[in-house]
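Okay, coords-v3.cif is below, mmCIF, C-alpha atoms:
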```cif
data_my_file
#
loop_
_atom_site.label_atom_id
_atom_site.label_comp_id
_atom_site.auth_asym_id
_atom_site.auth_seq_id
_atom_site.Cartn_x
_atom_site.Cartn_y
_atom_site.Cartn_z
CA MET A 1 31.42 -68.15 144.63
CA PHE A 2 32.19 -64.44 144.43
CA ARG A 3 35.93 -65.12 144.74
CA SER A 4 35.78 -67.79 142.09
CA LYS A 5 33.99 -65.41 139.68
CA ASN A 6 36.62 -62.70 140.23
CA PHE A 7 39.37 -65.22 139.71
CA MET A 8 37.81 -66.24 136.40
CA ILE A 9 37.56 -62.61 135.25
CA VAL A 10 41.21 -61.97 136.11
CA LEU A 11 42.26 -65.22 134.46
CA VAL A 12 40.38 -64.40 131.25
CA ALA A 13 41.80 -60.85 131.25
CA VAL A 14 45.34 -62.19 131.69
CA LEU A 15 44.83 -64.74 128.91
CA VAL A 16 43.37 -62.11 126.54
CA LEU A 17 46.21 -59.69 127.28
CA GLY A 18 48.78 -62.48 126.92
CA ALA A 19 47.31 -63.55 123.59
CA ALA A 20 47.18 -59.94 122.35
CA GLY A 21 50.78 -59.38 123.45
CA GLY A 22 51.88 -62.62 121.82
CA TYR A 23 50.11 -61.76 118.59
CA TYR A 24 51.66 -58.28 118.57
CA ALA A 25 55.16 -59.67 119.22
CA TYR A 26 54.72 -62.32 116.51
CA SER A 27 53.44 -59.89 113.88
CA GLU A 28 56.07 -57.29 114.78
CA TYR A 29 58.85 -59.89 114.57
CA ASN A 30 57.67 -61.03 111.15
CA ARG A 31 56.88 -57.56 109.80
CA ARG A 32 58.30 -56.93 106.31
CA ASN A 33 59.33 -53.63 104.78
CA PRO A 34 56.25 -52.20 103.04
CA GLU A 35 56.17 -52.14 99.25
CA MET A 36 56.60 -48.61 97.99
CA ALA A 37 53.55 -49.01 95.73
CA ASP A 38 51.45 -49.17 98.92
CA VAL A 39 53.06 -46.19 100.65
CA LYS A 40 52.06 -42.57 100.15
CA ALA A 41 54.97 -40.29 99.30
CA ALA A 42 55.76 -37.56 101.81
CA PHE A 43 57.09 -35.30 99.04
CA SER A 44 56.84 -35.19 95.27
CA LEU A 45 59.62 -33.34 93.44
CA SER A 46 61.72 -33.28 90.30
CA ASN A 47 65.28 -34.61 90.26
CA THR A 48 66.68 -31.09 89.91
CA GLU A 49 64.56 -29.70 92.77
CA VAL A 50 65.63 -32.36 95.25
CA LEU A 51 69.33 -32.23 94.30
CA GLN A 52 69.24 -28.43 94.51
CA ALA A 53 67.76 -28.68 98.00
CA PHE A 54 70.64 -30.88 99.20
CA GLU A 55 73.29 -28.77 97.50
CA THR A 56 71.89 -25.53 98.95
CA ASP A 57 71.37 -26.58 102.58
CA LEU A 58 72.44 -30.12 103.45
CA THR A 59 71.29 -30.00 107.09
CA LYS A 60 67.84 -28.70 106.21
CA ALA A 61 67.41 -31.16 103.33
CA ASN A 62 68.53 -34.07 105.51
CA GLN A 63 65.93 -33.13 108.11
CA GLN A 64 63.24 -32.70 105.49
CA TYR A 65 63.81 -35.66 103.19
CA LEU A 66 66.01 -38.37 104.75
CA GLU A 67 64.15 -41.55 105.71
CA LYS A 68 61.04 -40.20 103.98
CA VAL A 69 59.31 -41.76 101.01
CA LEU A 70 59.89 -39.47 98.02
CA GLU A 71 58.37 -39.46 94.57
CA ILE A 72 60.92 -38.12 92.10
CA GLY A 73 60.30 -37.31 88.45
CA GLY A 74 63.00 -36.76 85.88
CA PRO A 75 64.82 -37.90 82.75
CA ILE A 76 66.49 -41.30 82.77
CA LYS A 77 70.22 -40.71 82.51
CA ALA A 78 71.10 -44.39 82.75
CA LEU A 79 69.59 -47.80 83.42
CA GLU A 80 72.18 -49.82 85.30
CA GLN A 81 71.83 -53.56 85.79
CA ASP A 82 74.20 -55.47 88.07
CA ASP A 83 75.38 -59.02 87.49
CA LYS A 84 72.46 -60.39 89.54
CA GLY A 85 69.97 -58.59 87.31
CA PHE A 86 68.99 -55.85 89.77
CA TYR A 87 68.32 -52.41 88.30
CA THR A 88 69.22 -48.92 89.38
CA VAL A 89 67.42 -46.12 87.53
CA VAL A 90 69.61 -43.01 87.41
CA LEU A 91 67.70 -39.74 87.06
CA GLY A 92 69.62 -36.70 85.90
CA ALA A 93 71.06 -34.68 83.08
CA GLU A 94 73.44 -36.40 80.68
CA GLU A 95 76.18 -33.79 81.24
CA SER A 96 76.02 -33.84 85.06
CA MET A 97 77.89 -36.33 87.26
CA SER A 98 75.36 -35.84 90.07
CA ALA A 99 72.08 -37.70 89.98
CA VAL A 100 69.22 -39.28 91.87
CA ARG A 101 69.97 -42.99 92.03
CA CYS A 102 66.89 -45.17 92.46
CA VAL A 103 67.62 -48.74 93.55
CA ILE A 104 64.69 -50.67 92.10
CA ASP A 105 62.78 -53.29 94.09
CA SER A 106 63.16 -56.64 92.28
CA LEU A 107 59.34 -56.76 91.90
CA TYR A 108 59.71 -54.11 89.19
CA THR A 109 62.64 -55.57 87.25
CA GLN A 110 60.56 -56.51 84.20
CA GLN A 111 58.84 -53.12 84.15
CA VAL A 112 62.18 -51.27 84.32
CA ALA A 113 63.63 -53.40 81.52
CA THR A 114 61.17 -51.76 79.12
CA LEU A 115 62.30 -48.20 79.95
CA LYS A 116 64.49 -46.17 77.62
CA THR A 117 67.33 -43.83 78.46
CA GLY A 118 66.29 -40.20 77.97
CA SER A 119 62.59 -40.79 78.65
CA MET A 120 60.81 -39.21 81.61
CA VAL A 121 59.81 -41.37 84.55
CA ARG A 122 58.45 -41.05 88.09
CA VAL A 123 59.94 -43.22 90.81
CA ARG A 124 58.88 -43.64 94.44
CA GLY A 125 61.35 -44.84 97.04
CA LEU A 126 62.83 -44.43 100.49
CA CYS A 127 65.41 -41.63 100.66
CA VAL A 128 68.39 -43.18 102.48
CA GLN A 129 71.45 -41.03 101.80
CA TYR A 130 72.82 -37.95 100.10
CA SER A 131 76.25 -39.13 99.07
CA ALA A 132 78.62 -36.18 98.83
CA ASP A 133 81.24 -35.97 96.09
CA ASP A 134 84.32 -37.15 97.99
CA MET A 135 85.64 -39.45 95.24
CA GLY A 136 85.40 -37.10 92.26
CA LEU A 137 82.35 -38.94 90.91
CA GLY A 138 79.62 -36.37 91.59
CA SER A 139 77.06 -36.20 94.41
CA ASP A 140 74.13 -38.57 94.48
CA LEU A 141 70.86 -38.86 96.29
CA ILE A 142 70.09 -42.52 96.92
CA LEU A 143 66.55 -43.89 97.03
CA ASN A 144 66.09 -47.52 98.06
CA ARG A 145 63.37 -50.14 97.42
CA CYS A 146 61.94 -48.07 94.58
CA CYS A 147 58.89 -48.70 92.44
CA LEU A 148 57.82 -47.05 89.19
CA ILE A 149 54.80 -44.77 89.14
CA LYS A 150 52.64 -45.09 86.08
CA MET R 151 100.48 -23.53 64.25
CA LYS R 152 101.03 -27.15 63.26
CA LYS R 153 103.15 -27.65 66.36
CA THR R 154 100.39 -26.23 68.60
CA LEU R 155 97.80 -28.47 66.98
CA PHE R 156 100.02 -31.50 67.41
CA LEU R 157 100.68 -30.65 71.08
CA SER R 158 96.94 -30.17 71.67
CA PHE R 159 96.25 -33.55 70.12
CA VAL R 160 98.90 -35.22 72.27
CA LEU R 161 97.55 -33.56 75.43
CA ILE R 162 93.96 -34.62 74.67
CA ALA R 163 95.08 -38.18 73.88
CA LEU R 164 97.15 -38.26 77.07
CA SER R 165 94.27 -36.97 79.21
CA GLN R 166 92.00 -39.70 77.77
CA PHE R 167 94.64 -42.30 78.61
CA VAL R 168 95.12 -40.99 82.15
CA SER R 169 91.39 -40.78 82.91
CA ALA R 170 90.86 -44.29 81.54
CA GLN R 171 93.20 -45.59 84.22
CA LYS R 172 90.45 -45.24 86.78
CA TYR R 173 87.56 -47.67 87.01
CA PHE R 174 84.42 -47.18 89.04
CA THR R 175 80.92 -48.22 89.93
CA LYS R 176 78.08 -46.69 91.92
CA ASN R 177 75.92 -49.81 92.04
CA GLY R 178 78.25 -52.34 93.58
CA SER R 179 76.83 -54.76 96.11
CA ILE R 180 77.85 -55.57 99.64
CA SER R 181 76.28 -58.15 101.88
CA PHE R 182 76.98 -59.32 105.37
CA ASP R 183 76.17 -62.38 107.41
CA ALA R 184 76.32 -62.15 111.18
CA THR R 185 74.35 -65.30 111.89
CA SER R 186 75.45 -67.12 115.00
CA PRO R 187 76.04 -70.88 114.43
CA GLY R 188 73.12 -71.85 116.69
CA SER R 189 70.72 -69.17 115.51
CA PRO R 190 67.34 -70.28 114.11
CA GLU R 191 67.23 -67.24 111.84
CA ASN R 192 69.58 -65.62 109.36
CA ILE R 193 71.10 -62.28 110.30
CA THR R 194 71.88 -61.14 106.77
CA ALA R 195 71.45 -57.97 104.73
CA ASP R 196 72.23 -56.68 101.25
CA ASN R 197 73.17 -53.26 99.96
CA ARG R 198 73.30 -52.30 96.28
CA THR R 199 74.62 -48.76 96.58
CA VAL R 200 78.36 -49.31 96.86
CA THR R 201 80.53 -46.70 95.18
CA CYS R 202 83.99 -48.01 94.32
CA VAL R 203 86.95 -46.48 92.50
CA ILE R 204 90.14 -48.27 91.51
CA ASP R 205 93.11 -46.37 90.14
CA ALA R 206 94.90 -48.81 87.86
CA ALA R 207 98.00 -46.61 87.80
CA ASN R 208 98.83 -47.08 91.48
CA GLY R 209 96.35 -49.68 92.79
CA ASN R 210 94.56 -47.26 95.09
CA ILE R 211 91.06 -48.43 95.90
CA GLN R 212 88.21 -46.68 97.70
CA PHE R 213 84.67 -47.65 98.41
CA LYS R 214 81.76 -46.38 100.42
CA ALA R 215 78.29 -47.67 101.21
CA ALA R 216 75.22 -45.97 102.66
CA MET R 217 74.40 -47.76 105.91
CA LYS R 218 70.67 -47.09 105.63
CA ALA R 219 70.63 -48.87 102.27
CA PHE R 220 71.19 -52.27 103.92
CA THR R 221 67.97 -54.18 103.37
CA PHE R 222 66.96 -57.00 105.72
CA GLU R 223 64.24 -59.56 105.25
CA ARG R 224 62.60 -58.43 108.47
CA ALA R 225 61.82 -54.74 109.03
CA LEU R 226 62.30 -54.97 112.81
CA MET R 227 65.81 -56.37 112.35
CA GLN R 228 66.59 -53.53 109.94
CA GLU R 229 65.35 -50.94 112.44
CA HIS R 230 67.45 -52.43 115.24
CA PHE R 231 70.49 -52.52 112.94
CA ASN R 232 70.15 -48.83 112.06
CA GLU R 233 69.09 -47.49 115.46
CA ASN R 234 70.92 -49.65 118.00
CA TYR R 235 73.82 -51.42 116.33
CA VAL R 236 75.47 -49.18 113.71
CA GLU R 237 73.68 -45.90 114.58
CA SER R 238 73.37 -45.07 110.91
CA THR R 239 71.96 -41.56 111.45
CA LYS R 240 75.14 -40.63 113.34
CA PHE R 241 77.46 -42.70 111.10
CA PRO R 242 75.70 -42.79 107.69
CA GLU R 243 78.47 -44.35 105.60
CA ALA R 244 80.97 -47.19 105.79
CA LYS R 245 84.20 -46.36 103.97
CA PHE R 246 87.30 -48.18 102.87
CA ALA R 247 90.49 -46.65 101.53
CA GLY R 248 93.43 -48.80 100.63
CA ASN R 249 95.63 -50.26 97.99
CA ILE R 250 95.89 -53.34 95.78
CA SER R 251 99.51 -54.17 96.46
CA ASN R 252 99.94 -56.45 93.41
CA MET R 253 98.24 -54.10 90.93
CA ALA R 254 101.25 -54.35 88.61
CA SER R 255 100.38 -58.00 87.95
CA ILE R 256 96.74 -57.26 87.06
CA ALA R 257 96.03 -56.44 83.42
CA LEU R 258 92.61 -54.79 83.33
CA ASP R 259 92.71 -54.74 79.53
CA LYS R 260 93.27 -58.48 79.22
CA ASP R 261 90.80 -61.27 80.00
CA GLY R 262 91.69 -63.31 83.05
CA SER R 263 91.09 -63.96 86.72
CA TYR R 264 93.59 -62.14 88.85
CA PRO R 265 94.16 -62.53 92.61
CA ALA R 266 94.34 -59.16 94.36
CA THR R 267 95.90 -58.45 97.73
CA VAL R 268 94.03 -55.57 99.30
CA LYS R 269 95.17 -53.65 102.36
CA GLY R 270 93.60 -50.56 103.81
CA LYS R 271 91.50 -48.92 106.45
CA LEU R 272 87.84 -49.68 107.00
CA THR R 273 85.75 -47.07 108.81
CA LEU R 274 82.49 -48.31 110.24
CA HIS R 275 80.40 -46.95 113.10
CA GLY R 276 82.96 -44.16 113.47
CA GLU R 277 85.80 -46.62 114.13
CA THR R 278 88.71 -47.14 111.73
CA ARG R 279 90.65 -50.41 111.62
CA ASP R 280 93.26 -51.97 109.33
CA VAL R 281 91.88 -54.62 107.01
CA GLU R 282 93.76 -57.00 104.75
CA THR R 283 92.10 -59.47 102.44
CA ALA R 284 92.62 -61.55 99.33
CA GLY R 285 90.22 -60.44 96.62
CA LYS R 286 89.82 -61.28 92.98
CA ILE R 287 89.53 -59.24 89.81
CA ASN R 288 87.92 -60.90 86.83
CA VAL R 289 88.22 -59.44 83.35
CA SER R 290 85.95 -60.95 80.75
CA LYS R 291 85.25 -59.39 77.35
CA GLY R 292 86.16 -55.98 78.71
CA LYS R 293 83.89 -56.37 81.74
CA ILE R 294 85.74 -55.96 85.04
CA THR R 295 84.40 -57.44 88.28
CA ALA R 296 86.10 -57.00 91.64
CA THR R 297 85.13 -59.34 94.48
CA ALA R 298 86.35 -59.72 98.02
CA SER R 299 85.20 -61.27 101.25
CA PHE R 300 86.50 -60.79 104.74
CA SER R 301 85.34 -60.95 108.33
CA VAL R 302 85.23 -58.19 110.88
CA LEU R 303 84.97 -58.47 114.64
CA LEU R 304 81.93 -56.41 115.65
CA SER R 305 83.59 -55.33 118.91
CA ASP R 306 86.48 -53.79 116.90
CA TYR R 307 83.93 -51.30 115.54
CA LYS R 308 82.15 -50.86 118.87
CA VAL R 309 79.01 -52.52 117.56
CA ASN R 310 77.47 -53.79 120.78
CA VAL R 311 75.20 -56.81 120.66
CA PRO R 312 72.69 -56.89 123.55
CA GLY R 313 72.83 -60.03 125.70
CA VAL R 314 69.25 -60.95 124.87
CA VAL R 315 70.18 -61.67 121.21
CA SER R 316 73.79 -62.73 121.71
CA ASP R 317 72.86 -66.34 120.87
CA LYS R 318 71.54 -65.20 117.46
CA VAL R 319 74.08 -62.57 116.40
CA SER R 320 77.63 -63.72 115.76
CA LYS R 321 80.58 -61.83 117.20
CA THR R 322 81.99 -61.55 113.68
CA ALA R 323 80.31 -60.49 110.45
CA LYS R 324 81.31 -61.97 107.11
CA ILE R 325 81.30 -59.27 104.46
CA ILE R 326 81.13 -59.96 100.72
CA ILE R 327 81.72 -57.25 98.13
CA ASN R 328 81.00 -57.51 94.42
CA CYS R 329 81.58 -54.56 92.08
CA GLY R 330 81.24 -54.46 88.30
CA LEU R 331 83.58 -51.66 87.20
CA GLU R 332 83.59 -49.34 84.21
CA PRO R 333 86.32 -47.01 82.91
CA LEU R 334 85.95 -43.49 84.31
CA LYS R 335 85.62 -41.15 81.33
#
```
Structure rendered as structure tokens:
Amino acid sequence: MFRSKNFMIVLVAVLVLGAAGGYYAYSEYNRRNPEMADVKAAFSLSNTEVLQAFETDLTKANQQYLEKVLEIGGPIKALEQDDKGFYTVVLGAEESMSAVRCVIDSLYTQQVATLKTGSMVRVRGLCVQYSADDMGLGSDLILNRCCLIK
Amino acid sequence: MKKTLFLSFVLIALSQFVSAQKYFTKNGSISFDATSPGSPENITADNRTVTCVIDAANGNIQFKAAMKAFTFERALMQEHFNENYVESTKFPEAKFAGNISNMASIALDKDGSYPATVKGKLTLHGETRDVETAGKINVSKGKITATASFSVLLSDYKVNVPGVVSDKVSKTAKIIINCGLEPLK
């Protein structure tokens, strides 16, 4: 009787652990990238501040900002739309070749379509790369999966 | 005085002409498909941060893409791609430098669909290999679009696929590039 009770406890524990492990594996496997609207930004800066940080000390800026969610404010230099309709909002000064390039999540396509070049905007996105000027086209900071901040 | 003015005008006009011979984009797209034939899931990702420059004068072509900008449907797959497969912190960019060998037969100022033979060196995961592919350049109402697709053997770039997922991930990845180009001013 005692042995049978212990066996049942162990069996239930194994089943509970197995189910928990299975649920964790299933949810982890199906996990999606979070929407930037639901993520708190690690840093909030202007386009000039963040570009200055990378130009001044690349190693330090990489450590501080890469793979972090950033909220960047600045003037819209260009609104670029590719042939599939996806937008990139380019933040920067008209006369500069360097900029913060914000690849917009398709959820915000309609919202971005209403923006105007030259107006100020705040964008939140994942900082993925500071692209150095090795093609004579200026240096760019690239933010991916971006959303607009109202 | 008149001669100086004329020379200045010619130089400015010439510089405009020379600079207009380059075409570029910073929002080109690149996608890859490394789905194994028997895999129940798609191993695909897209990247919309491709920088590309074509020099119409000599056919030189360069592009680069930020590895961490590849977006997968599943976050776990994306994490494995960056951390275990292409080590994107150590090798943050994929680069290509090459030449369109038949550039002389491509008129970027005239509407048409032009085949392009592209040869060059692709650097990925710190490994550089020769690549040759047949691409296409479309010119329509002044809009220039360059497209190309080719396959790479993952082992050529020392991208190791663990045995546990070898039935899902193909040994080759099909890469598709699509760039809308503008004149470089």
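Atom CA of Ser263 of chain R to atom CA of Ser290 of chain R spans 8.4 Å [interatomic distance, one decimal].
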**Q.** Surrounding residues of Ile326 of chain R excluding itself and chain neighbours under 3 positions, 8 Å, all atoms listed in the file, as a ChimeraX atom specification
**A.** /R:180-182,297-300
Closest contacts (chain R/chain A, max 6 Å, all atoms listed in the file) as JSON lines:
```
{"residue": "R:Lys218", "atom": "CA", "partner": "A:Val128", "partner_atom": "CA", "distance": 5.5}
{"residue": "R:Arg224", "atom": "CA", "partner": "A:Arg32", "partner_atom": "CA", "distance": 5.0}
{"residue": "R:Ala225", "atom": "CA", "partner": "A:Arg32", "partner_atom": "CA", "distance": 5.0}
```
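The gap separating atom CA of Thr273 of chain R from atom CA of Ser106 of chain A is 29.6 Å, in Å to one decimal.
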Q. Hey, which of R:Gly270, R:Lys293, R:Glu282, R:Leu334 ends up closest to Gly138 of chain A? Count only C-alpha atoms.
A. R:Leu334
Q. Skipping near chain neighbours, those fewer than 2 positions away, what residues fall within 8 Å of Ala219 of chain R using only C-alpha atoms, listed as a VMD selection string?
A. (chain A and resid 128 to 129 144) or (chain R and resid 197 to 199 215 to 217 221)
Q: Please measure the separation of atom CA of Ile256 of chain R and atom CA of Ser179 of chain R, giving the value in Å to one decimal.
A: 22.0 Å
Q) Near Glu55 of chain A, counting only C-alpha atoms, which residues have an atom at most 10 Å away, once you skip same-chain residues fewer than 5 positions from it, shown as a list in words? A) Glu49, Val50, Ala61, Tyr130, Ala132 and Ser139 of chain A
List the neighbours of Gly292 of chain R out to 12 Å using only C-alpha atoms; skip same-chain residues closer than 3 positions along the sequence, and give me the result as a compact mmCIF listing (two decimals) with C-alpha atoms, in the coordinates of the input.
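Result written to selection-v3.txt:
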```txt
# COMPACT_ATOMS: atom_id res chain seq x y z
CA TYR R 173 87.56 -47.67 87.01
CA ALA R 257 96.03 -56.44 83.42
CA LEU R 258 92.61 -54.79 83.33
CA ASP R 259 92.71 -54.74 79.53
CA LYS R 260 93.27 -58.48 79.22
CA ASP R 261 90.80 -61.27 80.00
CA GLY R 262 91.69 -63.31 83.05
CA ASN R 288 87.92 -60.90 86.83
CA VAL R 289 88.22 -59.44 83.35
CA THR R 295 84.40 -57.44 88.28
CA GLY R 330 81.24 -54.46 88.30
CA LEU R 331 83.58 -51.66 87.20
CA GLU R 332 83.59 -49.34 84.21
CA PRO R 333 86.32 -47.01 82.91
```
Using 5 Å of padding on each side, determine the axis-aligned box around all atoms of segment 73-89 of chain A present in the file and give its centre and edge lengths in Å to one decimal, as AutoDock Vina command-line options.
```
--center_x 67.8 --center_y -48.6 --center_z 86.1 --size_x 25.1 --size_y 33.6 --size_z 17.3
```
Apply the PyMOL selection byres ((chain A and resi 113-121) around 7) to the file shown and report the selected residues as an mmCIF file with C-alpha atoms, in the coordinates of the input.
```cif
data_model
loop_
_atom_site.group_PDB
_atom_site.id
_atom_site.type_symbol
_atom_site.label_atom_id
_atom_site.label_comp_id
_atom_site.auth_asym_id
_atom_site.auth_seq_id
_atom_site.Cartn_x
_atom_site.Cartn_y
_atom_site.Cartn_z
ATOM 1 C CA GLY A 73 60.300 -37.310 88.450
ATOM 2 C CA GLY A 74 63.000 -36.760 85.880
ATOM 3 C CA PRO A 75 64.820 -37.900 82.750
ATOM 4 C CA ILE A 76 66.490 -41.300 82.770
ATOM 5 C CA LYS A 77 70.220 -40.710 82.510
ATOM 6 C CA ALA A 78 71.100 -44.390 82.750
ATOM 7 C CA LEU A 79 69.590 -47.800 83.420
ATOM 8 C CA THR A 109 62.640 -55.570 87.250
ATOM 9 C CA GLN A 110 60.560 -56.510 84.200
ATOM 10 C CA GLN A 111 58.840 -53.120 84.150
ATOM 11 C CA VAL A 112 62.180 -51.270 84.320
ATOM 12 C CA ARG A 122 58.450 -41.050 88.090
ATOM 13 C CA VAL A 123 59.940 -43.220 90.810
#
```
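Distances here use all atoms listed in the file; by that measure, the residue among R:Phe222, R:Ser255, R:His230, R:Lys321 closest to Asn192 of chain R is R:Phe222.
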Q: Do a neighbour search on Lys269 of chain R at 12 Å with all atoms listed in the file, toss out local chain neighbours closer than 2 positions, and write the hits as JSON, numbers by chain.
A: {"R": [209, 210, 211, 212, 246, 247, 248, 249, 250, 251, 252, 253, 266, 267, 271, 272, 279, 280, 281, 282, 283, 284, 285, 298, 300]}
Q. Any chance you could work out the residue set of the PyMOL selection byres ((chain R and resi 190) around 12) here, as a PyMOL selection string?
A. chain R and resi 185-189+191-193+315+317-319
Care to translate the PyMOL selection byres ((chain R and resi 308) around 10) into actual residues of this file, as an mmCIF file with C-alpha atoms, in the frame of the given file?
```cif
data_model
loop_
_atom_site.group_PDB
_atom_site.id
_atom_site.type_symbol
_atom_site.label_atom_id
_atom_site.label_comp_id
_atom_site.auth_asym_id
_atom_site.auth_seq_id
_atom_site.Cartn_x
_atom_site.Cartn_y
_atom_site.Cartn_z
ATOM 1 C CA TYR R 235 73.820 -51.420 116.330
ATOM 2 C CA VAL R 236 75.470 -49.180 113.710
ATOM 3 C CA LEU R 274 82.490 -48.310 110.240
ATOM 4 C CA HIS R 275 80.400 -46.950 113.100
ATOM 5 C CA GLY R 276 82.960 -44.160 113.470
ATOM 6 C CA GLU R 277 85.800 -46.620 114.130
ATOM 7 C CA LEU R 303 84.970 -58.470 114.640
ATOM 8 C CA LEU R 304 81.930 -56.410 115.650
ATOM 9 C CA SER R 305 83.590 -55.330 118.910
ATOM 10 C CA ASP R 306 86.480 -53.790 116.900
ATOM 11 C CA TYR R 307 83.930 -51.300 115.540
ATOM 12 C CA VAL R 309 79.010 -52.520 117.560
ATOM 13 C CA ASN R 310 77.470 -53.790 120.780
ATOM 14 C CA VAL R 311 75.200 -56.810 120.660
#
```
